[in-house]
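Asker: Next comes the structure file data02.tsv, holding TSV, C-alpha atoms and all ligand atoms.
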```
chain	number	residue	atom	x	y	z
A	669	MET	CA	5.37	-0.17	-26.74
A	670	ASN	CA	2.75	2.47	-27.56
A	671	ALA	CA	2.98	6.21	-26.85
A	672	LYS	CA	0.99	5.90	-23.65
A	673	SER	CA	3.02	3.00	-22.20
A	674	VAL	CA	4.42	3.43	-18.72
A	675	THR	CA	8.22	3.43	-18.93
A	676	VAL	CA	11.13	3.76	-16.52
A	677	ARG	CA	11.44	7.45	-17.54
A	678	HIS	CA	7.74	7.94	-16.90
A	679	LEU	CA	8.12	6.53	-13.36
A	680	LEU	CA	11.05	8.88	-12.68
A	681	GLU	CA	8.92	11.83	-13.81
A	682	MET	CA	6.10	10.68	-11.54
A	683	LYS	CA	8.52	10.71	-8.60
A	684	LYS	CA	9.79	14.20	-9.50
A	685	GLU	CA	6.22	15.49	-9.86
A	686	GLN	CA	5.18	13.72	-6.64
A	687	ARG	CA	2.51	11.69	-8.43
A	688	LYS	CA	2.01	8.36	-6.65
A	689	ILE	CA	2.66	5.10	-8.53
A	690	SER	CA	0.13	2.24	-8.21
A	691	VAL	CA	1.51	-1.29	-8.46
A	692	LEU	CA	-0.24	-4.64	-8.09
A	693	THR	CA	0.87	-8.21	-8.53
A	694	SER	CA	-0.67	-10.10	-11.44
A	695	TYR	CA	-0.26	-13.69	-12.55
A	696	ASP	CA	-2.81	-14.17	-15.35
A	697	ALA	CA	-4.42	-12.51	-18.36
A	698	SER	CA	-7.93	-11.94	-16.97
A	699	LEU	CA	-6.93	-9.91	-13.91
A	700	THR	CA	-4.34	-8.10	-16.01
A	701	ARG	CA	-7.09	-6.89	-18.37
A	702	LEU	CA	-9.07	-5.51	-15.43
A	703	MET	CA	-5.98	-3.87	-13.96
A	704	GLU	CA	-5.32	-2.15	-17.28
A	705	GLU	CA	-8.90	-0.88	-17.30
A	706	ALA	CA	-8.56	0.33	-13.69
A	707	GLY	CA	-5.47	2.40	-14.57
A	708	VAL	CA	-2.81	0.53	-12.55
A	709	ASP	CA	0.65	1.85	-13.52
A	710	VAL	CA	2.90	-1.17	-12.94
A	711	LEU	CA	2.27	-4.93	-12.78
A	712	LEU	CA	4.53	-7.25	-10.83
A	713	VAL	CA	4.57	-10.96	-11.56
A	714	GLY	CA	5.72	-11.70	-8.04
A	715	ASP	CA	7.14	-14.99	-6.86
A	716	SER	CA	4.38	-14.64	-4.25
A	717	LEU	CA	2.57	-16.76	-6.86
A	718	GLY	CA	4.23	-19.71	-5.12
A	719	MET	CA	2.02	-19.04	-2.11
A	720	VAL	CA	-1.16	-17.50	-3.56
A	721	VAL	CA	-1.43	-19.50	-6.81
A	722	GLN	CA	0.44	-22.74	-6.05
A	723	GLY	CA	-0.39	-23.04	-2.34
A	724	GLN	CA	3.24	-23.45	-1.25
A	725	GLU	CA	4.43	-22.47	2.22
A	726	SER	CA	6.94	-19.93	0.90
A	727	THR	CA	8.21	-18.45	-2.37
A	728	LEU	CA	11.30	-20.69	-2.36
A	729	PRO	CA	10.03	-23.56	-4.55
A	730	VAL	CA	9.07	-21.29	-7.50
A	731	THR	CA	11.11	-22.04	-10.62
A	732	LEU	CA	12.31	-19.76	-13.39
A	733	ASP	CA	10.17	-21.64	-15.93
A	734	GLU	CA	7.07	-21.03	-13.78
A	735	MET	CA	7.92	-17.31	-13.54
A	736	ILE	CA	8.33	-17.16	-17.32
A	737	TYR	CA	4.99	-18.94	-17.84
A	738	HIS	CA	3.06	-16.48	-15.65
A	739	THR	CA	4.94	-13.45	-17.02
A	740	ARG	CA	3.99	-14.50	-20.56
A	741	ASN	CA	0.32	-14.84	-19.55
A	742	VAL	CA	0.35	-11.33	-18.12
A	743	ALA	CA	2.36	-9.91	-21.06
A	744	ARG	CA	-0.30	-11.10	-23.53
A	745	ALA	CA	-2.99	-9.01	-21.81
A	746	ARG	CA	-0.99	-5.91	-20.83
A	747	GLN	CA	-1.26	-2.79	-22.95
A	748	ARG	CA	0.00	0.27	-21.11
A	749	THR	CA	1.42	-0.96	-17.81
A	750	LEU	CA	5.11	-1.57	-17.12
A	751	LEU	CA	5.67	-5.28	-16.47
A	752	ILE	CA	8.12	-6.45	-13.79
A	753	ALA	CA	8.98	-10.11	-13.20
A	754	ASP	CA	10.53	-11.49	-10.02
A	755	MET	CA	13.78	-13.43	-10.26
A	756	PRO	CA	13.01	-16.59	-8.24
A	757	PHE	CA	15.14	-18.01	-5.42
A	758	MET	CA	18.55	-19.29	-6.63
A	759	SER	CA	18.12	-17.89	-10.15
A	760	TYR	CA	20.62	-15.07	-9.46
A	761	ARG	CA	23.20	-16.73	-7.24
A	762	SER	CA	26.06	-15.66	-9.55
A	763	PRO	CA	26.33	-12.72	-11.98
A	764	ASP	CA	26.39	-14.98	-15.07
A	765	LEU	CA	23.42	-17.06	-13.95
A	766	ALA	CA	21.54	-13.86	-13.06
A	767	LEU	CA	22.09	-12.43	-16.54
A	768	GLU	CA	20.91	-15.68	-18.11
A	769	SER	CA	17.77	-15.74	-15.92
A	770	ALA	CA	16.96	-12.05	-16.44
A	771	GLY	CA	17.43	-12.46	-20.19
A	772	ARG	CA	14.92	-15.35	-20.26
A	773	LEU	CA	12.34	-13.35	-18.27
A	774	MET	CA	12.68	-10.53	-20.82
A	775	LYS	CA	12.92	-12.61	-24.03
A	776	GLU	CA	10.56	-15.48	-23.25
A	777	GLY	CA	8.34	-13.83	-20.64
A	778	GLY	CA	8.04	-10.34	-22.14
A	779	ALA	CA	9.06	-8.55	-18.91
A	780	HIS	CA	10.27	-4.93	-19.04
A	781	MET	CA	12.17	-5.08	-15.74
A	782	VAL	CA	13.30	-7.79	-13.32
A	783	LYS	CA	13.19	-7.66	-9.52
A	784	LEU	CA	15.59	-9.30	-7.10
A	785	GLU	CA	15.94	-9.36	-3.32
A	786	GLY	CA	18.89	-8.22	-1.24
A	787	GLY	CA	21.40	-5.45	-0.64
A	788	ALA	CA	25.19	-5.26	-0.65
A	789	THR	CA	25.60	-8.91	-1.65
A	790	GLN	CA	23.76	-8.31	-4.96
A	791	LEU	CA	25.79	-5.39	-6.35
A	792	GLU	CA	27.85	-7.47	-8.82
A	793	VAL	CA	24.70	-9.23	-10.02
A	794	ILE	CA	22.94	-5.89	-10.57
A	795	ARG	CA	25.89	-4.41	-12.46
A	796	GLN	CA	26.03	-7.46	-14.72
A	797	ILE	CA	22.30	-7.30	-15.57
A	798	THR	CA	22.02	-3.53	-16.01
A	799	ALA	CA	25.14	-3.49	-18.24
A	800	GLN	CA	23.02	-5.38	-20.81
A	801	GLY	CA	20.29	-2.72	-20.74
A	802	ILE	CA	17.91	-4.68	-18.49
A	803	PRO	CA	16.17	-2.48	-15.88
A	804	VAL	CA	16.32	-3.85	-12.34
A	805	CYS	CA	14.08	-3.28	-9.33
A	806	GLY	CA	15.70	-3.89	-5.93
A	807	HIS	CA	13.85	-5.25	-2.87
A	808	LEU	CA	14.90	-4.46	0.73
A	809	GLY	CA	13.40	-4.88	4.20
A	810	LEU	CA	11.51	-8.13	4.60
A	811	LEU	CA	12.97	-10.50	2.02
A	812	PRO	CA	10.60	-13.46	1.56
A	813	GLN	CA	13.31	-15.55	-0.14
A	814	SER	CA	15.34	-15.26	3.10
A	815	VAL	CA	12.44	-16.17	5.39
A	816	HIS	CA	14.34	-19.02	7.05
A	817	LYS	CA	17.34	-16.79	7.77
A	818	LEU	CA	15.09	-13.99	9.06
A	819	GLY	CA	13.14	-16.41	11.26
A	820	GLY	CA	9.73	-15.52	9.86
A	821	TYR	CA	7.79	-12.77	8.11
A	822	ARG	CA	8.55	-9.91	10.47
A	823	VAL	CA	9.13	-6.15	10.32
A	824	GLN	CA	12.73	-5.22	9.48
A	825	GLY	CA	14.76	-2.15	10.49
A	826	ARG	CA	13.33	-1.35	13.91
A	827	GLU	CA	16.76	-1.48	15.59
A	828	ALA	CA	19.16	1.40	14.81
A	829	ASP	CA	21.86	-0.84	13.32
A	830	ARG	CA	19.40	-2.72	11.05
A	831	ALA	CA	17.85	0.57	9.94
A	832	GLU	CA	21.30	1.90	9.06
A	833	ALA	CA	22.08	-1.30	7.10
A	834	ILE	CA	18.88	-0.89	5.05
A	835	ARG	CA	19.71	2.80	4.41
A	836	GLN	CA	23.25	1.90	3.24
A	837	ASP	CA	21.92	-0.95	1.07
A	838	ALA	CA	19.38	1.38	-0.59
A	839	PHE	CA	22.13	3.83	-1.59
A	840	ALA	CA	24.43	1.03	-2.74
A	841	LEU	CA	21.69	-0.50	-4.93
A	842	GLN	CA	20.91	2.89	-6.49
A	843	GLU	CA	24.63	3.42	-7.14
A	844	ALA	CA	24.87	-0.04	-8.77
A	845	GLY	CA	22.15	0.96	-11.25
A	846	ILE	CA	18.69	-0.15	-10.09
A	847	ASP	CA	15.77	1.83	-11.53
A	848	MET	CA	13.26	1.24	-8.76
A	849	LEU	CA	13.21	-0.11	-5.20
A	850	VAL	CA	10.58	-2.06	-3.25
A	851	LEU	CA	10.67	-1.61	0.54
A	852	GLU	CA	8.73	-4.32	2.37
A	853	CYS	CA	7.65	-4.18	6.03
A	854	VAL	CA	9.91	-1.47	7.37
A	855	PRO	CA	8.95	1.32	9.82
A	856	SER	CA	7.12	4.13	8.01
A	857	ALA	CA	9.61	6.77	9.22
A	858	LEU	CA	12.58	4.82	7.82
A	859	ALA	CA	10.82	4.31	4.46
A	860	SER	CA	9.94	8.01	4.34
A	861	GLU	CA	13.57	9.00	4.91
A	862	ILE	CA	14.91	6.57	2.27
A	863	THR	CA	12.26	7.67	-0.26
A	864	ALA	CA	13.20	11.33	0.22
A	865	SER	CA	16.92	10.69	-0.18
A	866	LEU	CA	16.90	8.43	-3.28
A	867	THR	CA	16.42	9.73	-6.82
A	868	ILE	CA	14.76	6.50	-8.04
A	869	PRO	CA	11.10	5.65	-7.24
A	870	VAL	CA	10.54	3.73	-3.99
A	871	ILE	CA	7.47	1.48	-3.82
A	872	GLY	CA	6.26	0.42	-0.39
A	873	ILE	CA	4.39	-2.57	0.97
A	874	GLY	CA	3.88	-2.20	4.70
A	875	ALA	CA	6.20	0.83	4.54
A	876	GLY	CA	3.88	3.79	5.06
A	877	VAL	CA	2.28	6.41	2.88
A	878	ASP	CA	5.38	8.49	2.13
A	879	CYS	CA	6.82	6.06	-0.44
A	880	ASP	CA	6.56	7.13	-4.10
A	881	GLY	CA	4.05	4.34	-4.72
A	882	GLN	CA	2.43	1.24	-3.24
A	883	VAL	CA	2.25	-2.43	-4.13
A	884	LEU	CA	-0.04	-5.16	-2.81
A	885	VAL	CA	-0.59	-8.80	-3.69
A	886	VAL	CA	-3.81	-8.62	-5.73
A	887	TYR	CA	-5.53	-11.55	-3.97
A	888	ASP	CA	-4.87	-9.83	-0.61
A	889	MET	CA	-6.53	-6.56	-1.65
A	890	LEU	CA	-9.47	-8.56	-3.04
A	891	GLY	CA	-10.07	-10.07	0.40
A	892	MET	CA	-8.96	-13.59	-0.53
A	893	ASN	CA	-6.37	-13.98	2.25
A	894	PRO	CA	-7.98	-15.49	5.39
A	895	HIS	CA	-5.10	-14.10	7.50
A	896	PRO	CA	-4.22	-10.79	5.85
A	897	PRO	CA	-1.11	-8.99	7.08
A	898	ARG	CA	-1.66	-5.67	8.86
A	899	PHE	CA	-0.65	-3.62	5.80
A	900	VAL	CA	-3.45	-5.04	3.61
A	901	LYS	CA	-6.79	-3.35	2.96
A	902	ASP	CA	-9.69	-5.30	1.45
A	903	PHE	CA	-10.87	-3.04	-1.40
A	904	LEU	CA	-13.51	-5.51	-2.59
A	905	GLN	CA	-15.60	-4.87	0.53
A	906	SER	CA	-16.16	-1.23	-0.39
A	907	GLY	CA	-15.72	-1.66	-4.15
A	908	GLY	CA	-18.41	-4.25	-4.71
A	909	SER	CA	-16.90	-5.62	-7.94
A	910	ILE	CA	-13.35	-6.61	-8.83
A	911	LEU	CA	-13.02	-3.75	-11.32
A	912	GLN	CA	-14.32	-1.20	-8.80
A	913	ALA	CA	-12.01	-2.57	-6.10
A	914	LEU	CA	-9.02	-2.15	-8.44
A	915	GLN	CA	-10.18	1.37	-9.36
A	916	GLU	CA	-10.57	2.28	-5.68
A	917	TYR	CA	-7.07	0.99	-4.95
A	918	VAL	CA	-5.58	3.11	-7.76
A	919	ALA	CA	-7.50	6.19	-6.56
A	920	ALA	CA	-6.51	5.63	-2.90
A	921	VAL	CA	-2.82	5.23	-3.79
A	922	ARG	CA	-2.96	8.34	-5.99
A	923	ASP	CA	-4.61	10.58	-3.41
A	924	GLY	CA	-2.55	9.18	-0.50
A	925	THR	CA	-5.50	7.78	1.47
A	926	PHE	CA	-3.95	4.30	1.23
A	927	PRO	CA	-2.06	3.20	3.23
A	928	ALA	CA	-3.56	4.73	6.37
A	929	GLU	CA	-1.52	4.92	9.58
A	930	GLU	CA	-2.98	1.65	10.84
A	931	HIS	CA	-1.47	-0.18	7.82
A	932	GLY	CA	2.08	0.91	8.72
A	933	PHE	CA	4.71	-0.01	11.33
A	934	LYS	CA	6.55	2.09	13.92
B	1001	LIG	O1	6.42	-11.51	-4.80
B	1001	LIG	C1	5.76	-10.48	-4.58
B	1001	LIG	O2	4.54	-10.43	-4.76
B	1001	LIG	C2	6.47	-9.31	-4.08
B	1001	LIG	C3	5.66	-8.16	-3.60
B	1001	LIG	C4	4.90	-8.49	-2.40
B	1001	LIG	C5	6.47	-6.93	-3.44
B	1001	LIG	O3	7.65	-9.30	-4.06
```
Could you rewrite the structure in this file as structure tokens?
Answerer:
Amino acid sequence: MNAKSVTVRHLLEMKKEQRKISVLTSYDASLTRLMEEAGVDVLLVGDSLGMVVQGQESTLPVTLDEMIYHTRNVARARQRTLLIADMPFMSYRSPDLALESAGRLMKEGGAHMVKLEGGATQLEVIRQITAQGIPVCGHLGLLPQSVHKLGGYRVQGREADRAEAIRQDAFALQEAGIDMLVLECVPSALASEITASLTIPVIGIGAGVDCDGQVLVVYDMLGMNPHPPRFVKDFLQSGGSILQALQEYVAAVRDGTFPAEEHGFK
């Protein structure tokens, strides 16, 4: 870690100072180098790689070994960014297994933080991992690993009782020790309220501009998704080169011009 590295403390300061945090997914060394140059703050080796790299129908088939492989590729090229790795489906189904999996992502992959999906059901798992000094990022709203239970990739928290459940889960996760939270595809007003009431940074994807930062799947924001979700903006169209597109994304997140209202949900 060098003096300019982005750390968990740094992200907390950014929240306090209301400086927006830019996050992108990365799965390889070449894009990671460009993201470093563009000034991205945090890289996420998302299990979305199952869909965008492997061509699978969902994130469910991704294995822990595959996550470690991609995390290591990204770790070799990162310099300043904080590196988060997703815990894949079934790799955290008990506290002991979760600790084992998180430990491998840190030791073998070189991750600085692990991310896992879910609310109240994950509190024991989170306590077990954080007790060993491993930072954890929570993930609420649309949970891609639960796509079959949710019945598709749809906005979460529109009904009052579901919104309240997400609110309660967010507080419970913070209480259990997470250092950051991703909110995916929830109404912008709900995300705004949760962001204002938590002390940890909240990163949105399809969650409106009021979150403390934004994350996108890098191939989506480079226009490579033939059916992009509503919350995606193609930065390559205006950027002209991959580096410029990444720089424009960072600038737009920082100055709050991305996401625009049309990228959010009511
Ligand atoms: O897997 C992933 O890329 C993610 C982000 C979309 C938040 O979880």
Asker: Taking (7.8, -20.0, 0.2) in the coordinates of the supplied file, I want to know which residues reach to within 10 Å of it, counting only C-alpha atoms; could you give the answer as a list of chain:residue names?
Answerer: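 Applying the cut-off with only C-alpha atoms, one gets A:Asp715, A:Ser716, A:Leu717, A:Gly718, A:Met719, A:Gly723, A:Gln724, A:Glu725, A:Ser726, A:Thr727, A:Leu728, A:Pro729, A:Val730, A:Phe757, A:Pro812, A:Gln813, A:Ser814, A:Val815, A:His816.
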Asker: Set out as a tab-separated table a contact list for range 763-791 of chain A and range 748-751 of chain A with a cut-off of 7 Å, giving each residue of range 763-791 of chain A that qualifies its closest atom pair and distance in Å to one decimal, counting all atoms listed in the file, ordered by chain and rising residue number.
Answerer:
```
residue	atom	partner	partner_atom	distance
A:Ala779	CA	A:Leu751	CA	5.3
A:His780	CA	A:Leu751	CA	5.3
A:Met781	CA	A:Leu751	CA	6.5
```
Asker: Save the residues we just selected, C-alpha atoms, as a PDB file, in the frame of the given file?
Answerer:
```
ATOM      1  CA  ALA A 779       9.060  -8.550 -18.910  1.00  0.00           C
ATOM      2  CA  HIS A 780      10.270  -4.930 -19.040  1.00  0.00           C
ATOM      3  CA  MET A 781      12.170  -5.080 -15.740  1.00  0.00           C
TER       4      MET A 781
END
```
Asker: Find the spatial neighbours of range 789-803 of chain A, counting all atoms listed in the file, within a cut-off of 8 Å - ignore same-chain residues fewer than 4 positions away - and output them as number ranges by chain.
Answerer: A: 760, 762-764, 766-767, 770-771, 780-782, 840-841, 844-847
Asker: Go ahead and write the selection's residues with C-alpha atoms as a JSON list (two decimals), in the coordinates of the input.
Answerer:
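Result file is result-v2.json:
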```json
[["chain", "number", "residue", "atom", "x", "y", "z"],
["A", 760, "TYR", "CA", 20.62, -15.07, -9.46],
["A", 762, "SER", "CA", 26.06, -15.66, -9.55],
["A", 763, "PRO", "CA", 26.33, -12.72, -11.98],
["A", 764, "ASP", "CA", 26.39, -14.98, -15.07],
["A", 766, "ALA", "CA", 21.54, -13.86, -13.06],
["A", 767, "LEU", "CA", 22.09, -12.43, -16.54],
["A", 770, "ALA", "CA", 16.96, -12.05, -16.44],
["A", 771, "GLY", "CA", 17.43, -12.46, -20.19],
["A", 780, "HIS", "CA", 10.27, -4.93, -19.04],
["A", 781, "MET", "CA", 12.17, -5.08, -15.74],
["A", 782, "VAL", "CA", 13.30, -7.79, -13.32],
["A", 840, "ALA", "CA", 24.43, 1.03, -2.74],
["A", 841, "LEU", "CA", 21.69, -0.50, -4.93],
["A", 844, "ALA", "CA", 24.87, -0.04, -8.77],
["A", 845, "GLY", "CA", 22.15, 0.96, -11.25],
["A", 846, "ILE", "CA", 18.69, -0.15, -10.09],
["A", 847, "ASP", "CA", 15.77, 1.83, -11.53]]
```
Asker: Around ligand LIG 1001 (chain B), at most 8 Å away and counting only C-alpha atoms and all ligand atoms, which residues are there? Put them as number ranges by chain, please.
Answerer: A: 693, 712-717, 727, 754, 783, 807, 812, 850-852, 872-873, 883-885
Asker: Could you list, as a list in words, every residue within 12 Å of Gly924 in chain A, counting all atoms listed in the file and ignoring same-chain residues fewer than 6 positions away?
Answerer: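 Everything that qualifies: Gln686, Arg687, Lys688, Ile689, Ser690, Gly876, Val877, Asp878, Cys879, Asp880, Gly881, Gln882, Glu916, Tyr917 and Val918 of chain A.
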